[in-house]
Amino acid sequence: MSSRRIESVDILRGATIAFMVLVNNPGSWKAVYPPLVHSTWNGLTPCDCIFPTFLFVMGVSMYLSLRKGGFTLSWKMLKRTLLLLGIGLVLNYVSQVVYDNNWSLSSLRIPGVLQRFALCYGITALLVCRLPHRALPWTAGGLLILYGALLLVGNGYEYGAGNINARFDRALLGEGHLYPWDNGVDPEGLLSTLPAIAHTLVGFLVGGWLSRGDNRRIAVTGVALVLAGAGLSVLLPLNKKIWSPSFVFVTCGIASLLLAMLYFLVDEKHIWRQSGFFKVFGTNAIFCYVLADVLAWIFDRSGLHTASRTLLGETPLTSLLYALFCVIVVWLLTLPLYRRKVFLKL
């Protein structure tokens with residue numbers, strides 16, 4: 001396959017970031033359409049598929065970028081990992097100050113979305129650059145088997161402090177540094193990063209097939225993963241907050257099918273040409289994610305968020321309209337970078 005940029009990857013990455021901004025910024029958390037909120041515990045909503053799709057695409061992108069250097073480790077990988085960790089911690093701290101007026105580092109939440117990106121990127125990079133690629137499916141499978149066993153023997157489906165994820169994270173990080181609103185279970189905790197690494201490895205393997213133009217294999221694998229995850233959910237139910245093995249299978253399958261469809265439409269048949277909206281997000285993904293958080297702080301401090309609820313009321317429709325407004329603002333502010341081909345990379 002030629003070395004040209006695969007546009008479907010940018011579009012899928014951009015769509016996940018755009019939808020992240022959408023679901024993270026409702027007009028009111030009290031009035032949101034059910035598909036735009038996460039499952040309370042077991043189950044799967046469209047919203048639950050957004051974060052794992054980004055991890056999957058990150059794995060795909062890792063293959064496409066690392067193959068140029070022959071899959072060798074570099075200081076750039078370490079720098080990117082540390083920058084993602086640092087930015088994530090800064091976002092957590094500023095959010096704590098803005099929303100709670102709490103300046104104490106003793107209550108700083110250490111896990112987070114960007115922190116999970118960082119750990120999955122850094123550890124996956126180490127694995128794919130040090131292990132034979134034929135061993136990677138076994139590595140991903142081993143991580144999922146180990147984690148599944150831990151869930152079964154450690155009350156992994158208890159929605160409370162006795163959950164093995166909660167106990168593990170509390171022992172390593174301390175209760176004051178974890179997400180406080182989910183019965184002690186941090187949805188981006190350390191132990192549940194193990195299956196998230198397997199998730200990224202699946203994306204990496206799919207990236208290899210994509211680089212060879214083997215789209216049929218991606219689609220068939222997507223169907224197989226969804227069916228396997230549905231079957232496994234009888235023993236290990238779908239659960240985003242603990243990133244259960246069945247959740248990995250189903251969401252990787254969905255992401256594979258989405259990628260296969262987009263690759264067919266955009267890169268093979270050139271049918272869908274009006275894809276620039278999502279490419280604006282996809283080519284500056286981390287910038288858009290951080291920008292959305294900064295805008296949320298500004299809108300909160302300026303009173304715009306509160307004014308929207310007062311003027312429009314608190315209904316699912318007005319909540320969605322406010323979220324769409326946030327998406328459009330992020331797009332408009334990032335559009336000049338896209339037009340000038342300025343792609344901010346860590």
# chains A, B, ... in the order shown; residues from 1 in each chain; ligands from 1

call {"tool": "residues_around", "arguments": {"residues": "Trp181 of chain A", "least_positions_apart": "6", "cutoff": "12 Å", "atoms": "only C-alpha atoms", "output": "number ranges by chain"}}
result
A: 40, 109, 159-161, 175, 187, 241

call {"tool": "write_last_selection", "arguments": {"atoms": "C-alpha atoms", "output": "PDB file, in the first residue's frame"}}
result
ATOM      1  CA  THR A  40     -24.540   3.382  35.538  1.00  0.00           C
ATOM      2  CA  ARG A 109      -7.359  13.039  41.217  1.00  0.00           C
ATOM      3  CA  TYR A 159     -20.251  -1.516  42.586  1.00  0.00           C
ATOM      4  CA  GLY A 160     -18.496  -0.347  45.723  1.00  0.00           C
ATOM      5  CA  ALA A 161     -15.321  -0.095  47.765  1.00  0.00           C
ATOM      6  CA  GLU A 175      -8.525   7.277  48.369  1.00  0.00           C
ATOM      7  CA  PRO A 187     -13.347   4.533  35.799  1.00  0.00           C
ATOM      8  CA  LYS A 241     -16.201   1.509  34.387  1.00  0.00           C
TER       9      LYS A 241
END

call {"tool": "residues_around", "arguments": {"residues": "segment 18-33 of chain A", "least_positions_apart": "6", "cutoff": "8 Å", "atoms": "only C-alpha atoms", "output": "VMD selection string"}}
result
chain A and resid 47 50 to 51 278 281 289 292 296 305 308 to 309 314 to 324 326 to 327

call {"tool": "write_last_selection", "arguments": {"atoms": "N, CA and C atoms", "output": "PDB file, in the first residue's frame"}}
result
ATOM      1  N   CYS A  47     -22.700   6.155  24.199  1.00  0.00           N
ATOM      2  CA  CYS A  47     -21.704   6.989  24.872  1.00  0.00           C
ATOM      3  C   CYS A  47     -20.526   6.167  25.387  1.00  0.00           C
ATOM      4  N   ILE A  50     -17.381   5.628  22.943  1.00  0.00           N
ATOM      5  CA  ILE A  50     -16.559   6.719  22.415  1.00  0.00           C
ATOM      6  C   ILE A  50     -15.102   6.608  22.872  1.00  0.00           C
ATOM      7  N   PHE A  51     -14.874   6.537  24.172  1.00  0.00           N
ATOM      8  CA  PHE A  51     -13.518   6.463  24.714  1.00  0.00           C
ATOM      9  C   PHE A  51     -12.777   5.231  24.174  1.00  0.00           C
ATOM     10  N   PHE A 278     -14.958  16.329  10.537  1.00  0.00           N
ATOM     11  CA  PHE A 278     -14.337  15.443  11.504  1.00  0.00           C
ATOM     12  C   PHE A 278     -12.815  15.448  11.394  1.00  0.00           C
ATOM     13  N   PHE A 281     -11.095  17.826  13.769  1.00  0.00           N
ATOM     14  CA  PHE A 281     -10.888  17.259  15.103  1.00  0.00           C
ATOM     15  C   PHE A 281      -9.807  16.175  15.076  1.00  0.00           C
ATOM     16  N   TYR A 289      -9.335  18.224  22.530  1.00  0.00           N
ATOM     17  CA  TYR A 289      -9.794  17.713  23.828  1.00  0.00           C
ATOM     18  C   TYR A 289      -9.466  18.713  24.939  1.00  0.00           C
ATOM     19  N   ALA A 292     -11.532  21.965  24.633  1.00  0.00           N
ATOM     20  CA  ALA A 292     -12.906  21.802  25.121  1.00  0.00           C
ATOM     21  C   ALA A 292     -12.971  21.977  26.634  1.00  0.00           C
ATOM     22  N   ALA A 296     -14.907  24.947  28.650  1.00  0.00           N
ATOM     23  CA  ALA A 296     -15.879  24.612  29.698  1.00  0.00           C
ATOM     24  C   ALA A 296     -15.623  25.434  30.949  1.00  0.00           C
ATOM     25  N   HIS A 305     -22.746  29.131  30.949  1.00  0.00           N
ATOM     26  CA  HIS A 305     -23.370  27.821  31.141  1.00  0.00           C
ATOM     27  C   HIS A 305     -24.655  27.963  31.964  1.00  0.00           C
ATOM     28  N   SER A 308     -27.429  29.700  30.001  1.00  0.00           N
ATOM     29  CA  SER A 308     -28.086  28.850  28.998  1.00  0.00           C
ATOM     30  C   SER A 308     -29.215  28.042  29.632  1.00  0.00           C
ATOM     31  N   ARG A 309     -28.977  27.564  30.851  1.00  0.00           N
ATOM     32  CA  ARG A 309     -30.026  26.799  31.534  1.00  0.00           C
ATOM     33  C   ARG A 309     -31.197  27.703  31.920  1.00  0.00           C
ATOM     34  N   GLU A 314     -34.171  23.402  31.253  1.00  0.00           N
ATOM     35  CA  GLU A 314     -33.405  22.164  31.387  1.00  0.00           C
ATOM     36  C   GLU A 314     -34.211  21.008  30.810  1.00  0.00           C
ATOM     37  N   THR A 315     -34.070  20.807  29.524  1.00  0.00           N
ATOM     38  CA  THR A 315     -34.681  19.674  28.841  1.00  0.00           C
ATOM     39  C   THR A 315     -33.593  18.951  28.066  1.00  0.00           C
ATOM     40  N   PRO A 316     -33.804  17.694  27.704  1.00  0.00           N
ATOM     41  CA  PRO A 316     -32.788  16.987  26.913  1.00  0.00           C
ATOM     42  C   PRO A 316     -32.441  17.704  25.615  1.00  0.00           C
ATOM     43  N   LEU A 317     -33.443  18.320  24.969  1.00  0.00           N
ATOM     44  CA  LEU A 317     -33.183  19.008  23.706  1.00  0.00           C
ATOM     45  C   LEU A 317     -32.287  20.227  23.912  1.00  0.00           C
ATOM     46  N   THR A 318     -32.602  21.079  24.890  1.00  0.00           N
ATOM     47  CA  THR A 318     -31.776  22.272  25.126  1.00  0.00           C
ATOM     48  C   THR A 318     -30.384  21.878  25.622  1.00  0.00           C
ATOM     49  N   SER A 319     -30.316  20.784  26.381  1.00  0.00           N
ATOM     50  CA  SER A 319     -29.017  20.297  26.834  1.00  0.00           C
ATOM     51  C   SER A 319     -28.161  19.864  25.654  1.00  0.00           C
ATOM     52  N   LEU A 320     -28.793  19.197  24.686  1.00  0.00           N
ATOM     53  CA  LEU A 320     -28.077  18.765  23.484  1.00  0.00           C
ATOM     54  C   LEU A 320     -27.658  19.958  22.645  1.00  0.00           C
ATOM     55  N   LEU A 321     -28.515  20.959  22.535  1.00  0.00           N
ATOM     56  CA  LEU A 321     -28.174  22.147  21.750  1.00  0.00           C
ATOM     57  C   LEU A 321     -26.960  22.862  22.333  1.00  0.00           C
ATOM     58  N   TYR A 322     -26.902  22.948  23.656  1.00  0.00           N
ATOM     59  CA  TYR A 322     -25.731  23.573  24.290  1.00  0.00           C
ATOM     60  C   TYR A 322     -24.469  22.752  23.999  1.00  0.00           C
ATOM     61  N   ALA A 323     -24.579  21.424  24.076  1.00  0.00           N
ATOM     62  CA  ALA A 323     -23.425  20.565  23.795  1.00  0.00           C
ATOM     63  C   ALA A 323     -22.962  20.734  22.350  1.00  0.00           C
ATOM     64  N   LEU A 324     -23.922  20.821  21.425  1.00  0.00           N
ATOM     65  CA  LEU A 324     -23.567  21.047  20.014  1.00  0.00           C
ATOM     66  C   LEU A 324     -22.894  22.402  19.826  1.00  0.00           C
ATOM     67  N   CYS A 326     -20.945  23.821  21.986  1.00  0.00           N
ATOM     68  CA  CYS A 326     -19.552  23.634  22.422  1.00  0.00           C
ATOM     69  C   CYS A 326     -18.727  22.949  21.339  1.00  0.00           C
ATOM     70  N   VAL A 327     -19.308  21.951  20.680  1.00  0.00           N
ATOM     71  CA  VAL A 327     -18.609  21.254  19.601  1.00  0.00           C
ATOM     72  C   VAL A 327     -18.267  22.220  18.471  1.00  0.00           C
TER      73      VAL A 327
END

call {"tool": "residues_around", "arguments": {"residues": "Val206 of chain A", "least_positions_apart": "6", "cutoff": "8 Å", "atoms": "only C-alpha atoms", "output": "ChimeraX atom specification"}}
result
/A:60,218,256

call {"tool": "select_by_dssp", "arguments": {"residues": "segment 179-296 of chain A", "states": "alpha helix (DSSP H)", "output": "ChimeraX atom specification"}}
result
/A:193-211,215-232,245-262,276-282,285-296

call {"tool": "closest_residue", "arguments": {"among": "A:Val202, A:Leu44, A:Ala125, A:Leu78", "to": "Ser65 of chain A", "atoms": "only C-alpha atoms"}}
result
A:Ala125

call {"tool": "residues_around", "arguments": {"residues": "Val280 of chain A", "least_positions_apart": "4", "cutoff": "12 Å", "atoms": "only C-alpha atoms", "output": "PyMOL selection string"}}
result
chain A and resi 7+10-18+274-276+284-288+327-328+330-344

call {"tool": "atom_distance", "arguments": {"atom1": "atom CA of Leu194 of chain A", "atom2": "atom CA of Glu158 of chain A"}}
result
18.5 Å

call {"tool": "residues_around", "arguments": {"residues": "Leu105 of chain A", "least_positions_apart": "6", "cutoff": "10 Å", "atoms": "only C-alpha atoms", "output": "number ranges by chain"}}
result
A: 93, 96, 176-177

call {"tool": "write_last_selection", "arguments": {"atoms": "N, CA and C atoms", "output": "compact mmCIF listing (two decimals), in the first residue's frame"}}
result
# COMPACT_ATOMS: atom_id res chain seq x y z
N TYR A 93 -6.29 19.23 37.98
CA TYR A 93 -6.08 20.21 39.04
C TYR A 93 -6.86 21.49 38.76
N GLN A 96 -10.48 21.00 39.42
CA GLN A 96 -10.72 20.98 40.87
C GLN A 96 -10.81 22.40 41.42
N GLY A 176 -7.95 9.65 48.50
CA GLY A 176 -8.13 11.06 48.17
C GLY A 176 -7.73 11.43 46.75
N HIS A 177 -7.05 10.53 46.05
CA HIS A 177 -6.59 10.83 44.69
C HIS A 177 -7.38 10.09 43.63

call {"tool": "closest_residue", "arguments": {"among": "A:Met62, A:Ala149, A:Leu312, A:Leu172", "to": "Pro111 of chain A", "atoms": "only C-alpha atoms"}}
result
A:Leu172

call {"tool": "residues_around", "arguments": {"residues": "segment 79-90 of chain A", "least_positions_apart": "5", "cutoff": "6 Å", "atoms": "only C-alpha atoms", "output": "VMD selection string"}}
result
chain A and resid 114 to 115 118 122 346

call {"tool": "write_last_selection", "arguments": {"atoms": "N, CA and C atoms", "output": "PDB file, in the first residue's frame"}}
result
ATOM      1  N   LEU A 114      -6.658  11.451  29.816  1.00  0.00           N
ATOM      2  CA  LEU A 114      -5.349  11.606  29.174  1.00  0.00           C
ATOM      3  C   LEU A 114      -4.293  10.730  29.837  1.00  0.00           C
ATOM      4  N   GLN A 115      -4.431  10.519  31.147  1.00  0.00           N
ATOM      5  CA  GLN A 115      -3.497   9.639  31.846  1.00  0.00           C
ATOM      6  C   GLN A 115      -3.625   8.214  31.316  1.00  0.00           C
ATOM      7  N   ALA A 118      -1.954   8.046  28.044  1.00  0.00           N
ATOM      8  CA  ALA A 118      -0.506   8.017  28.226  1.00  0.00           C
ATOM      9  C   ALA A 118      -0.005   6.617  28.557  1.00  0.00           C
ATOM     10  N   GLY A 122       2.320   4.466  26.122  1.00  0.00           N
ATOM     11  CA  GLY A 122       3.690   4.160  26.524  1.00  0.00           C
ATOM     12  C   GLY A 122       3.943   2.666  26.654  1.00  0.00           C
ATOM     13  N   LEU A 346       2.361  15.925  20.199  1.00  0.00           N
ATOM     14  CA  LEU A 346       3.173  15.926  21.413  1.00  0.00           C
ATOM     15  C   LEU A 346       4.506  15.259  21.153  1.00  0.00           C
TER      16      LEU A 346
END

call {"tool": "atom_distance", "arguments": {"atom1": "atom CA of Ser302 of chain A", "atom2": "atom CA of Val113 of chain A"}}
result
25.5 Å

call {"tool": "atom_distance", "arguments": {"atom1": "atom CA of Tyr147 of chain A", "atom2": "atom CA of Leu36 of chain A"}}
result
27.9 Å

call {"tool": "residues_around", "arguments": {"residues": "Met261 of chain A", "least_positions_apart": "4", "cutoff": "12 Å", "atoms": "only C-alpha atoms", "output": "PyMOL selection string"}}
result
chain A and resi 8-9+11-12+215-216+218-220+222+254-257+265-272
